[in-house]
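Raw contents of upload33.cif, mmCIF, C-alpha atoms:
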```
data_final
loop_
_atom_site.group_PDB
_atom_site.id
_atom_site.type_symbol
_atom_site.label_atom_id
_atom_site.label_comp_id
_atom_site.auth_asym_id
_atom_site.auth_seq_id
_atom_site.Cartn_x
_atom_site.Cartn_y
_atom_site.Cartn_z
ATOM 1 C CA MET A 1 -10.701 31.703 3.515
ATOM 2 C CA SER A 2 -7.449 31.175 5.392
ATOM 3 C CA ALA A 3 -4.069 31.319 3.718
ATOM 4 C CA ARG A 4 -3.501 27.599 4.252
ATOM 5 C CA ALA A 5 -6.850 26.703 2.692
ATOM 6 C CA ALA A 6 -5.942 28.878 -0.292
ATOM 7 C CA ARG A 7 -2.659 26.993 -0.656
ATOM 8 C CA ILE A 8 -4.531 23.695 -0.686
ATOM 9 C CA LEU A 9 -6.670 25.065 -3.516
ATOM 10 C CA LEU A 10 -3.453 26.077 -5.268
ATOM 11 C CA LEU A 11 -2.202 22.486 -5.028
ATOM 12 C CA LEU A 12 -5.531 21.312 -6.429
ATOM 13 C CA ALA A 13 -5.172 23.722 -9.352
ATOM 14 C CA ILE A 14 -1.613 22.502 -9.981
ATOM 15 C CA LEU A 15 -2.867 18.920 -9.998
ATOM 16 C CA ALA A 16 -5.555 19.823 -12.529
ATOM 17 C CA VAL A 17 -2.991 21.459 -14.826
ATOM 18 C CA VAL A 18 -0.508 18.568 -14.492
ATOM 19 C CA ALA A 19 -3.238 15.981 -15.084
ATOM 20 C CA THR A 20 -4.512 17.796 -18.173
ATOM 21 C CA ALA A 21 -0.998 18.079 -19.578
ATOM 22 C CA SER A 22 -0.448 14.372 -18.851
ATOM 23 C CA LEU A 23 -3.322 13.492 -21.185
ATOM 24 C CA GLY A 24 -1.188 14.787 -24.055
ATOM 25 C CA VAL A 25 1.872 12.694 -23.143
ATOM 26 C CA GLY A 26 2.522 9.438 -24.948
ATOM 27 C CA ALA A 27 3.358 7.901 -28.302
ATOM 28 C CA VAL A 28 0.865 10.324 -29.833
ATOM 29 C CA ARG A 29 1.466 13.856 -28.600
ATOM 30 C CA LEU A 30 -1.714 15.874 -28.221
ATOM 31 C CA SER A 31 -2.141 19.622 -27.975
ATOM 32 C CA PRO A 32 -4.480 21.120 -25.338
ATOM 33 C CA ALA A 33 -7.062 21.859 -28.029
ATOM 34 C CA ARG A 34 -7.088 18.222 -29.171
ATOM 35 C CA ILE A 35 -7.260 17.041 -25.537
ATOM 36 C CA PHE A 36 -10.362 19.094 -24.748
ATOM 37 C CA ALA A 37 -11.960 18.080 -28.035
ATOM 38 C CA ALA A 38 -11.309 14.420 -27.232
ATOM 39 C CA LEU A 39 -12.747 14.814 -23.719
ATOM 40 C CA GLY A 40 -15.892 16.164 -25.360
ATOM 41 C CA GLY A 41 -16.108 13.061 -27.503
ATOM 42 C CA GLU A 42 -15.035 14.765 -30.712
ATOM 43 C CA GLY A 43 -12.226 13.879 -33.102
ATOM 44 C CA SER A 44 -10.193 10.722 -33.692
ATOM 45 C CA ASP A 45 -8.326 11.078 -30.369
ATOM 46 C CA ALA A 46 -11.383 10.409 -28.196
ATOM 47 C CA THR A 47 -10.555 6.716 -27.697
ATOM 48 C CA ILE A 48 -6.910 7.425 -26.796
ATOM 49 C CA VAL A 49 -7.791 10.114 -24.275
ATOM 50 C CA ARG A 50 -11.002 8.846 -22.707
ATOM 51 C CA ASP A 51 -10.379 5.103 -22.676
ATOM 52 C CA LEU A 52 -6.591 4.876 -22.226
ATOM 53 C CA ARG A 53 -5.017 8.014 -20.782
ATOM 54 C CA LEU A 54 -7.789 9.514 -18.644
ATOM 55 C CA PRO A 55 -8.289 6.452 -16.397
ATOM 56 C CA ARG A 56 -4.524 6.128 -16.017
ATOM 57 C CA VAL A 57 -4.142 9.762 -14.947
ATOM 58 C CA ILE A 58 -7.038 9.466 -12.509
ATOM 59 C CA LEU A 59 -5.592 6.242 -11.105
ATOM 60 C CA ALA A 60 -2.151 7.836 -10.668
ATOM 61 C CA SER A 61 -3.839 10.697 -8.796
ATOM 62 C CA LEU A 62 -5.725 8.269 -6.534
ATOM 63 C CA VAL A 63 -2.577 6.273 -5.778
ATOM 64 C CA GLY A 64 -0.632 9.455 -4.975
ATOM 65 C CA LEU A 65 -3.506 10.783 -2.854
ATOM 66 C CA ALA A 66 -3.613 7.560 -0.847
ATOM 67 C CA LEU A 67 0.144 7.262 -0.299
ATOM 68 C CA GLY A 68 0.663 10.974 0.431
ATOM 69 C CA SER A 69 -2.110 11.186 3.034
ATOM 70 C CA ALA A 70 -1.087 7.854 4.608
ATOM 71 C CA GLY A 71 2.523 9.042 4.819
ATOM 72 C CA ALA A 72 1.459 12.213 6.643
ATOM 73 C CA ALA A 73 -0.584 10.124 9.083
ATOM 74 C CA TYR A 74 2.261 7.690 9.766
ATOM 75 C CA GLN A 75 4.706 10.554 10.345
ATOM 76 C CA GLY A 76 2.298 12.145 12.806
ATOM 77 C CA LEU A 77 1.480 8.881 14.583
ATOM 78 C CA PHE A 78 5.120 7.837 14.974
ATOM 79 C CA ARG A 79 6.273 11.448 15.495
ATOM 80 C CA ASN A 80 8.962 10.635 12.958
ATOM 81 C CA PRO A 81 9.701 12.540 9.715
ATOM 82 C CA LEU A 82 11.132 9.369 8.152
ATOM 83 C CA ALA A 83 8.019 7.215 8.483
ATOM 84 C CA ASP A 84 5.983 6.315 5.414
ATOM 85 C CA PRO A 85 4.027 3.272 4.160
ATOM 86 C CA TYR A 86 7.164 1.918 2.447
ATOM 87 C CA VAL A 87 9.708 2.523 5.218
ATOM 88 C CA ILE A 88 7.652 0.998 8.053
ATOM 89 C CA GLY A 89 6.758 -2.111 6.041
ATOM 90 C CA ALA A 90 3.075 -1.454 5.310
ATOM 91 C CA SER A 91 3.627 -1.531 1.554
ATOM 92 C CA THR A 92 5.516 -4.836 1.754
ATOM 93 C CA GLY A 93 2.839 -6.296 4.023
ATOM 94 C CA SER A 94 0.209 -5.142 1.574
ATOM 95 C CA ALA A 95 2.221 -6.721 -1.244
ATOM 96 C CA LEU A 96 2.325 -10.039 0.629
ATOM 97 C CA GLY A 97 -1.421 -10.030 1.225
ATOM 98 C CA ALA A 98 -2.194 -9.212 -2.386
ATOM 99 C CA THR A 99 0.308 -11.806 -3.649
ATOM 100 C CA LEU A 100 -1.311 -14.519 -1.530
ATOM 101 C CA VAL A 101 -4.698 -13.676 -3.011
ATOM 102 C CA MET A 102 -3.316 -13.633 -6.554
ATOM 103 C CA ILE A 103 -1.708 -17.068 -6.089
ATOM 104 C CA ALA A 104 -4.760 -18.560 -4.391
ATOM 105 C CA ALA A 105 -7.025 -17.204 -7.107
ATOM 106 C CA GLY A 106 -4.813 -18.244 -10.014
ATOM 107 C CA ASP A 107 -6.453 -15.421 -11.939
ATOM 108 C CA ALA A 108 -7.180 -12.614 -9.489
ATOM 109 C CA GLY A 109 -10.058 -11.512 -11.667
ATOM 110 C CA ALA A 110 -11.977 -14.613 -10.639
ATOM 111 C CA PHE A 111 -12.504 -13.073 -7.209
ATOM 112 C CA GLY A 112 -12.711 -9.505 -8.432
ATOM 113 C CA PHE A 113 -10.726 -6.474 -7.379
ATOM 114 C CA GLY A 114 -12.210 -6.557 -3.889
ATOM 115 C CA ALA A 115 -10.406 -9.771 -2.905
ATOM 116 C CA VAL A 116 -6.991 -8.402 -3.849
ATOM 117 C CA SER A 117 -7.683 -5.183 -1.967
ATOM 118 C CA MET A 118 -8.830 -7.078 1.110
ATOM 119 C CA GLY A 119 -5.677 -9.200 1.093
ATOM 120 C CA ALA A 120 -3.554 -6.076 0.639
ATOM 121 C CA PHE A 121 -5.451 -4.308 3.418
ATOM 122 C CA LEU A 122 -4.932 -7.112 5.928
ATOM 123 C CA GLY A 123 -1.243 -7.355 5.040
ATOM 124 C CA ALA A 124 -0.715 -3.613 5.403
ATOM 125 C CA LEU A 125 -2.640 -3.513 8.672
ATOM 126 C CA GLY A 126 -0.642 -6.398 10.099
ATOM 127 C CA ALA A 127 2.760 -4.989 9.110
ATOM 128 C CA ALA A 128 2.065 -1.437 10.280
ATOM 129 C CA GLY A 129 0.478 -2.692 13.489
ATOM 130 C CA LEU A 130 3.424 -4.964 14.221
ATOM 131 C CA VAL A 131 5.951 -2.138 13.826
ATOM 132 C CA TYR A 132 3.843 0.271 15.859
ATOM 133 C CA PHE A 133 3.158 -2.058 18.773
ATOM 134 C CA CYS A 134 6.761 -3.253 18.875
ATOM 135 C CA THR A 135 8.038 0.316 19.203
ATOM 136 C CA ALA A 136 5.273 1.131 21.701
ATOM 137 C CA TRP A 137 6.220 -1.940 23.764
ATOM 138 C CA TRP A 138 9.878 -0.879 23.813
ATOM 139 C CA GLY A 139 8.889 2.570 25.021
ATOM 140 C CA PRO A 140 10.361 5.879 23.832
ATOM 141 C CA ALA A 141 13.034 5.140 21.258
ATOM 142 C CA PRO A 142 15.209 7.098 18.831
ATOM 143 C CA ILE A 143 14.521 7.329 15.117
ATOM 144 C CA VAL A 144 16.874 4.484 14.295
ATOM 145 C CA THR A 145 14.731 2.049 16.339
ATOM 146 C CA LEU A 146 11.672 2.670 14.174
ATOM 147 C CA LEU A 147 13.757 2.410 11.036
ATOM 148 C CA LEU A 148 15.281 -0.888 12.146
ATOM 149 C CA ALA A 149 11.904 -2.315 13.192
ATOM 150 C CA GLY A 150 10.325 -1.302 9.896
ATOM 151 C CA SER A 151 13.291 -2.625 7.962
ATOM 152 C CA ALA A 152 13.146 -5.959 9.792
ATOM 153 C CA VAL A 153 9.417 -6.412 9.195
ATOM 154 C CA SER A 154 9.723 -5.323 5.573
ATOM 155 C CA SER A 155 12.656 -7.673 4.948
ATOM 156 C CA CYS A 156 10.882 -10.673 6.480
ATOM 157 C CA LEU A 157 7.660 -10.081 4.592
ATOM 158 C CA GLY A 158 9.552 -9.358 1.383
ATOM 159 C CA ALA A 159 11.417 -12.648 1.763
ATOM 160 C CA VAL A 160 8.092 -14.486 2.090
ATOM 161 C CA VAL A 161 6.875 -12.814 -1.105
ATOM 162 C CA TRP A 162 9.998 -13.945 -2.973
ATOM 163 C CA LEU A 163 9.607 -17.462 -1.565
ATOM 164 C CA LEU A 164 6.043 -17.588 -2.860
ATOM 165 C CA MET A 165 7.289 -16.426 -6.242
ATOM 166 C CA VAL A 166 9.809 -19.278 -6.368
ATOM 167 C CA LEU A 167 7.195 -21.844 -5.337
ATOM 168 C CA HIS A 168 4.677 -20.514 -7.851
ATOM 169 C CA ASP A 169 6.882 -19.727 -10.826
ATOM 170 C CA GLU A 170 3.915 -19.791 -13.198
ATOM 171 C CA GLU A 171 2.950 -16.405 -11.737
ATOM 172 C CA LEU A 172 6.552 -15.150 -11.522
ATOM 173 C CA ALA A 173 6.560 -12.601 -14.339
ATOM 174 C CA ARG A 174 3.228 -11.160 -13.296
ATOM 175 C CA ILE A 175 4.163 -10.808 -9.631
ATOM 176 C CA VAL A 176 7.619 -9.331 -10.371
ATOM 177 C CA LEU A 177 6.075 -6.676 -12.628
ATOM 178 C CA TRP A 178 3.494 -5.927 -9.980
ATOM 179 C CA MET A 179 6.175 -5.692 -7.264
ATOM 180 C CA MET A 180 8.075 -3.075 -9.273
ATOM 181 C CA GLY A 181 4.990 -0.874 -9.391
ATOM 182 C CA SER A 182 3.293 0.089 -12.620
ATOM 183 C CA LEU A 183 0.119 1.695 -13.940
ATOM 184 C CA ALA A 184 0.459 0.138 -17.391
ATOM 185 C CA GLY A 185 -2.687 -1.499 -18.687
ATOM 186 C CA ARG A 186 -4.883 -0.159 -15.895
ATOM 187 C CA GLY A 187 -8.259 1.110 -17.019
ATOM 188 C CA TRP A 188 -11.599 2.207 -15.668
ATOM 189 C CA PRO A 189 -12.217 -1.040 -13.682
ATOM 190 C CA ALA A 190 -9.092 -0.339 -11.596
ATOM 191 C CA VAL A 191 -10.224 3.249 -11.014
ATOM 192 C CA LEU A 192 -13.710 2.203 -9.940
ATOM 193 C CA GLY A 193 -12.318 -0.620 -7.807
ATOM 194 C CA SER A 194 -9.822 1.519 -5.888
ATOM 195 C CA LEU A 195 -11.934 4.669 -5.530
ATOM 196 C CA PRO A 196 -14.098 3.525 -2.569
ATOM 197 C CA TYR A 197 -11.082 2.294 -0.589
ATOM 198 C CA VAL A 198 -9.075 5.455 -1.204
ATOM 199 C CA ALA A 199 -12.080 7.647 -0.421
ATOM 200 C CA VAL A 200 -12.838 5.894 2.883
ATOM 201 C CA GLY A 201 -9.176 5.844 3.942
ATOM 202 C CA PHE A 202 -8.614 9.484 3.013
ATOM 203 C CA ALA A 203 -11.849 10.637 4.670
ATOM 204 C CA GLY A 204 -10.957 8.684 7.788
ATOM 205 C CA LEU A 205 -7.536 10.303 8.014
ATOM 206 C CA CYS A 206 -9.053 13.772 7.547
ATOM 207 C CA ALA A 207 -11.533 13.021 10.350
ATOM 208 C CA LEU A 208 -8.637 11.954 12.605
ATOM 209 C CA ALA A 209 -6.695 15.185 12.104
ATOM 210 C CA ARG A 210 -7.237 16.474 15.646
ATOM 211 C CA PRO A 211 -6.151 13.222 17.359
ATOM 212 C CA LEU A 212 -3.049 13.260 15.141
ATOM 213 C CA ASP A 213 -2.264 16.794 16.303
ATOM 214 C CA ALA A 214 -2.588 15.636 19.907
ATOM 215 C CA LEU A 215 -0.385 12.576 19.329
ATOM 216 C CA CYS A 216 2.328 14.802 17.869
ATOM 217 C CA LEU A 217 2.684 16.356 21.320
ATOM 218 C CA GLY A 218 3.591 12.976 22.797
ATOM 219 C CA GLU A 219 1.656 10.220 24.529
ATOM 220 C CA GLN A 220 1.532 11.799 27.989
ATOM 221 C CA PRO A 221 0.196 15.190 26.786
ATOM 222 C CA ALA A 222 -2.328 13.352 24.589
ATOM 223 C CA GLN A 223 -3.514 11.314 27.583
ATOM 224 C CA ALA A 224 -3.758 14.499 29.632
ATOM 225 C CA LEU A 225 -6.104 15.862 26.953
ATOM 226 C CA GLY A 226 -8.323 12.812 27.417
ATOM 227 C CA LEU A 227 -7.377 11.090 24.159
ATOM 228 C CA PRO A 228 -7.893 7.281 24.159
ATOM 229 C CA LEU A 229 -4.483 6.403 22.762
ATOM 230 C CA ARG A 230 -4.997 2.780 21.821
ATOM 231 C CA ARG A 231 -8.315 3.337 20.073
ATOM 232 C CA MET A 232 -7.172 6.432 18.210
ATOM 233 C CA SER A 233 -3.861 4.854 17.214
ATOM 234 C CA GLY A 234 -5.673 1.777 15.938
ATOM 235 C CA MET A 235 -8.075 3.891 13.894
ATOM 236 C CA ILE A 236 -5.226 5.889 12.356
ATOM 237 C CA VAL A 237 -3.309 2.728 11.457
ATOM 238 C CA ALA A 238 -6.464 1.189 9.977
ATOM 239 C CA ALA A 239 -7.328 4.235 7.840
ATOM 240 C CA ALA A 240 -3.745 4.723 6.633
ATOM 241 C CA SER A 241 -3.398 1.004 5.918
ATOM 242 C CA LEU A 242 -6.651 0.962 3.961
ATOM 243 C CA ALA A 243 -5.445 3.839 1.776
ATOM 244 C CA THR A 244 -2.065 2.139 1.332
ATOM 245 C CA ALA A 245 -3.707 -1.175 0.499
ATOM 246 C CA ALA A 246 -5.870 0.395 -2.195
ATOM 247 C CA ALA A 247 -2.810 1.984 -3.806
ATOM 248 C CA VAL A 248 -0.688 -1.174 -3.678
ATOM 249 C CA ALA A 249 -3.518 -3.377 -4.938
ATOM 250 C CA VAL A 250 -3.825 -1.459 -8.229
ATOM 251 C CA ALA A 251 -0.293 -0.161 -8.755
ATOM 252 C CA GLY A 252 2.042 -2.513 -6.905
ATOM 253 C CA VAL A 253 4.708 -1.323 -4.487
ATOM 254 C CA ILE A 254 5.357 2.404 -4.961
ATOM 255 C CA GLY A 255 8.095 3.608 -2.638
ATOM 256 C CA PHE A 256 8.883 7.017 -1.147
ATOM 257 C CA VAL A 257 5.823 8.951 -2.401
ATOM 258 C CA GLY A 258 4.435 8.733 1.123
ATOM 259 C CA LEU A 259 7.739 10.100 2.442
ATOM 260 C CA ILE A 260 8.239 12.978 0.031
ATOM 261 C CA ALA A 261 4.677 14.308 -0.266
ATOM 262 C CA PRO A 262 4.167 15.232 3.436
ATOM 263 C CA HIS A 263 7.447 17.157 3.522
ATOM 264 C CA VAL A 264 6.462 19.103 0.405
ATOM 265 C CA ALA A 265 2.993 19.752 1.842
ATOM 266 C CA ARG A 266 4.387 20.801 5.218
ATOM 267 C CA ALA A 267 6.330 23.571 3.489
ATOM 268 C CA PHE A 268 3.019 24.821 2.026
ATOM 269 C CA VAL A 269 0.538 24.524 4.892
ATOM 270 C CA GLY A 270 2.457 23.831 8.086
ATOM 271 C CA ALA A 271 2.115 20.932 10.521
ATOM 272 C CA ARG A 272 -1.598 21.012 11.479
ATOM 273 C CA HIS A 273 -3.097 17.803 10.148
ATOM 274 C CA ARG A 274 -6.378 19.466 9.253
ATOM 275 C CA TYR A 275 -4.490 21.028 6.368
ATOM 276 C CA LEU A 276 -1.526 18.671 6.124
ATOM 277 C CA ILE A 277 -3.525 15.512 5.295
ATOM 278 C CA PRO A 278 -5.303 16.924 2.205
ATOM 279 C CA ALA A 279 -2.216 18.866 1.132
ATOM 280 C CA SER A 280 -0.066 15.746 1.382
ATOM 281 C CA GLY A 281 -2.602 13.808 -0.655
ATOM 282 C CA LEU A 282 -2.613 16.448 -3.396
ATOM 283 C CA ALA A 283 1.193 16.664 -3.381
ATOM 284 C CA GLY A 284 1.366 12.870 -3.663
ATOM 285 C CA ALA A 285 -1.086 12.923 -6.567
ATOM 286 C CA ILE A 286 1.019 15.513 -8.401
ATOM 287 C CA LEU A 287 4.197 13.505 -7.805
ATOM 288 C CA MET A 288 2.589 10.277 -9.046
ATOM 289 C CA VAL A 289 1.214 11.843 -12.220
ATOM 290 C CA LEU A 290 4.606 13.403 -13.004
ATOM 291 C CA ALA A 291 6.436 10.152 -12.204
ATOM 292 C CA ASP A 292 4.097 8.187 -14.459
ATOM 293 C CA ASP A 293 4.672 10.679 -17.278
ATOM 294 C CA LEU A 294 8.411 10.225 -16.817
ATOM 295 C CA ALA A 295 8.036 6.429 -16.792
ATOM 296 C CA ARG A 296 6.204 6.565 -20.110
ATOM 297 C CA THR A 297 8.611 8.915 -21.883
ATOM 298 C CA VAL A 298 12.163 8.667 -20.491
ATOM 299 C CA ALA A 299 12.965 5.427 -22.336
ATOM 300 C CA ALA A 300 10.230 5.477 -25.016
ATOM 301 C CA PRO A 301 9.023 3.291 -26.618
ATOM 302 C CA VAL A 302 9.917 1.134 -23.560
ATOM 303 C CA GLU A 303 7.828 1.957 -20.494
ATOM 304 C CA LEU A 304 9.642 1.869 -17.152
ATOM 305 C CA PRO A 305 7.958 0.711 -13.925
ATOM 306 C CA VAL A 306 6.908 3.846 -12.071
ATOM 307 C CA GLY A 307 7.852 2.279 -8.722
ATOM 308 C CA VAL A 308 11.464 1.992 -9.874
ATOM 309 C CA LEU A 309 11.572 5.696 -10.726
ATOM 310 C CA THR A 310 10.043 6.799 -7.414
ATOM 311 C CA ALA A 311 12.613 4.648 -5.564
ATOM 312 C CA ILE A 312 15.501 6.158 -7.543
ATOM 313 C CA LEU A 313 14.281 9.701 -6.922
ATOM 314 C CA GLY A 314 13.152 9.061 -3.341
ATOM 315 C CA GLY A 315 16.352 7.450 -2.071
ATOM 316 C CA PRO A 316 18.424 10.658 -2.088
ATOM 317 C CA PHE A 317 15.498 12.577 -0.578
ATOM 318 C CA PHE A 318 15.338 10.016 2.242
ATOM 319 C CA LEU A 319 19.052 10.508 2.972
ATOM 320 C CA VAL A 320 18.599 14.289 3.136
ATOM 321 C CA VAL A 321 15.681 13.967 5.578
ATOM 322 C CA LEU A 322 17.629 11.427 7.645
ATOM 323 C CA ARG A 323 20.590 13.807 7.903
ATOM 324 C CA ARG A 324 18.321 16.614 9.111
ATOM 325 C CA ALA A 325 16.618 14.318 11.618
ATOM 326 C CA ILE A 326 19.945 13.197 13.073
ATOM 327 C CA ARG A 327 21.007 16.809 13.493
#
```
Give the structure from this file in structure tokens form.
Amino acid sequence: MSARAARILLLLAILAVVATASLGVGAVRLSPARIFAALGGEGSDATIVRDLRLPRVILASLVGLALGSAGAAYQGLFRNPLADPYVIGASTGSALGATLVMIAAGDAGAFGFGAVSMGAFLGALGAAGLVYFCTAWWGPAPIVTLLLAGSAVSSCLGAVVWLLMVLHDEELARIVLWMMGSLAGRGWPAVLGSLPYVAVGFAGLCALARPLDALCLGEQPAQALGLPLRRMSGMIVAAASLATAAAVAVAGVIGFVGLIAPHVARAFVGARHRYLIPASGLAGAILMVLADDLARTVAAPVELPVGVLTAILGGPFFLVVLRRAIR
């Protein structure tokens, strides 16, 4: 086993420890002994752990896995350390697609989780594709061009979401809460609904690791290696957008996890996407579980939206990365 593979296993072990500890966090504090007893179906805490906290921890891990791996893919595709699903507008596009489905359905449950995910997927695909093809059309451009293109797309799509909220004020509270990002009230149906999308998106990104390595060298070297740029780029955008859509559909807009996780993972396993994609996913899962724990406890008994916390913590990190990129 290589050293980088061992470090990925270390991240997996850290995630397991953090997730287990998270099962004891809440209004009722549980010791490790009570947690394991409850997981075995014994004791009075079984309902709290198995029906309430366990699906939430698993869902936080899936959302972090999706955003972390998608962020690593976007950074490799754009050859930009500042790219992530939030910065380039994919999250906002996904939010618009999901919001349209929620409004059209009245009660999104009438169409099932799949309809919301499909709307989120198409929105994310459209936003990410628009930013990518705009920057590709303009030719080689500095970092600020990608940031401005992503900001413009995100602002326009975000404005449409707010317009829909004004026109459909009966859904206002629900959509605003969803836009802030939260895992509150999510149970096993959300886990089972998002799992196939996250799994397919994550597996697709892992399978595209070698093309991502080639694209990091630049378009001309990648073409010299015989890589079909348009097809590979489209597949990467589709897989990353699918993972992003699954995360946004169940948790709302969660910013900066896709930015932070790849940088943390890169310090562990280096820049090869064979290792970076899974490591970024695991780092994102750890960050999401910890952020959700903080959201549940920092202002208890009030629960804060986890997306607000990730934005507060991710903003300064973004500025640090931007400063390094400019240098």
Matched chain/residue IDs from the PyMOL selection byres ((chain A and resi 193-200) around 10), as JSON, numbers by chain:
{"A": [58, 59, 62, 63, 65, 66, 67, 69, 112, 113, 114, 117, 118, 121, 188, 189, 190, 191, 192, 201, 202, 203, 204, 205, 206, 239, 240, 242, 243, 244, 245, 246, 247, 248, 249, 250]}
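Computed from the coordinates, the atom CA of A:Leu10 to atom CA of A:Arg324 distance equals 27.8 Å.
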Counting all atoms listed in the file, which of A:Gly315, A:Pro211, A:Gly97, A:Gly129 gets nearest to A:Ala149?
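Between A:Gly315, A:Pro211, A:Gly97, A:Gly129, the residue approaching A:Ala149 most closely is A:Gly129.
Taking atom CA of A:Gly252 and atom CA of A:Phe318 as the two end points, the separation is 20.4 Å.
When all atoms listed in the file are used to measure the gap to A:Leu294, the shortest distance among A:Ala5, A:Leu309, A:Val321, A:Ala173 belongs to A:Leu309.
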List the residues matched by the PyMOL selection byres ((chain A and resi 311) around 10) in the displayed structure as an NGL selection string, ordered by chain and then by residue number.
:A and (180 or 253-257 or 306-310 or 312-318)
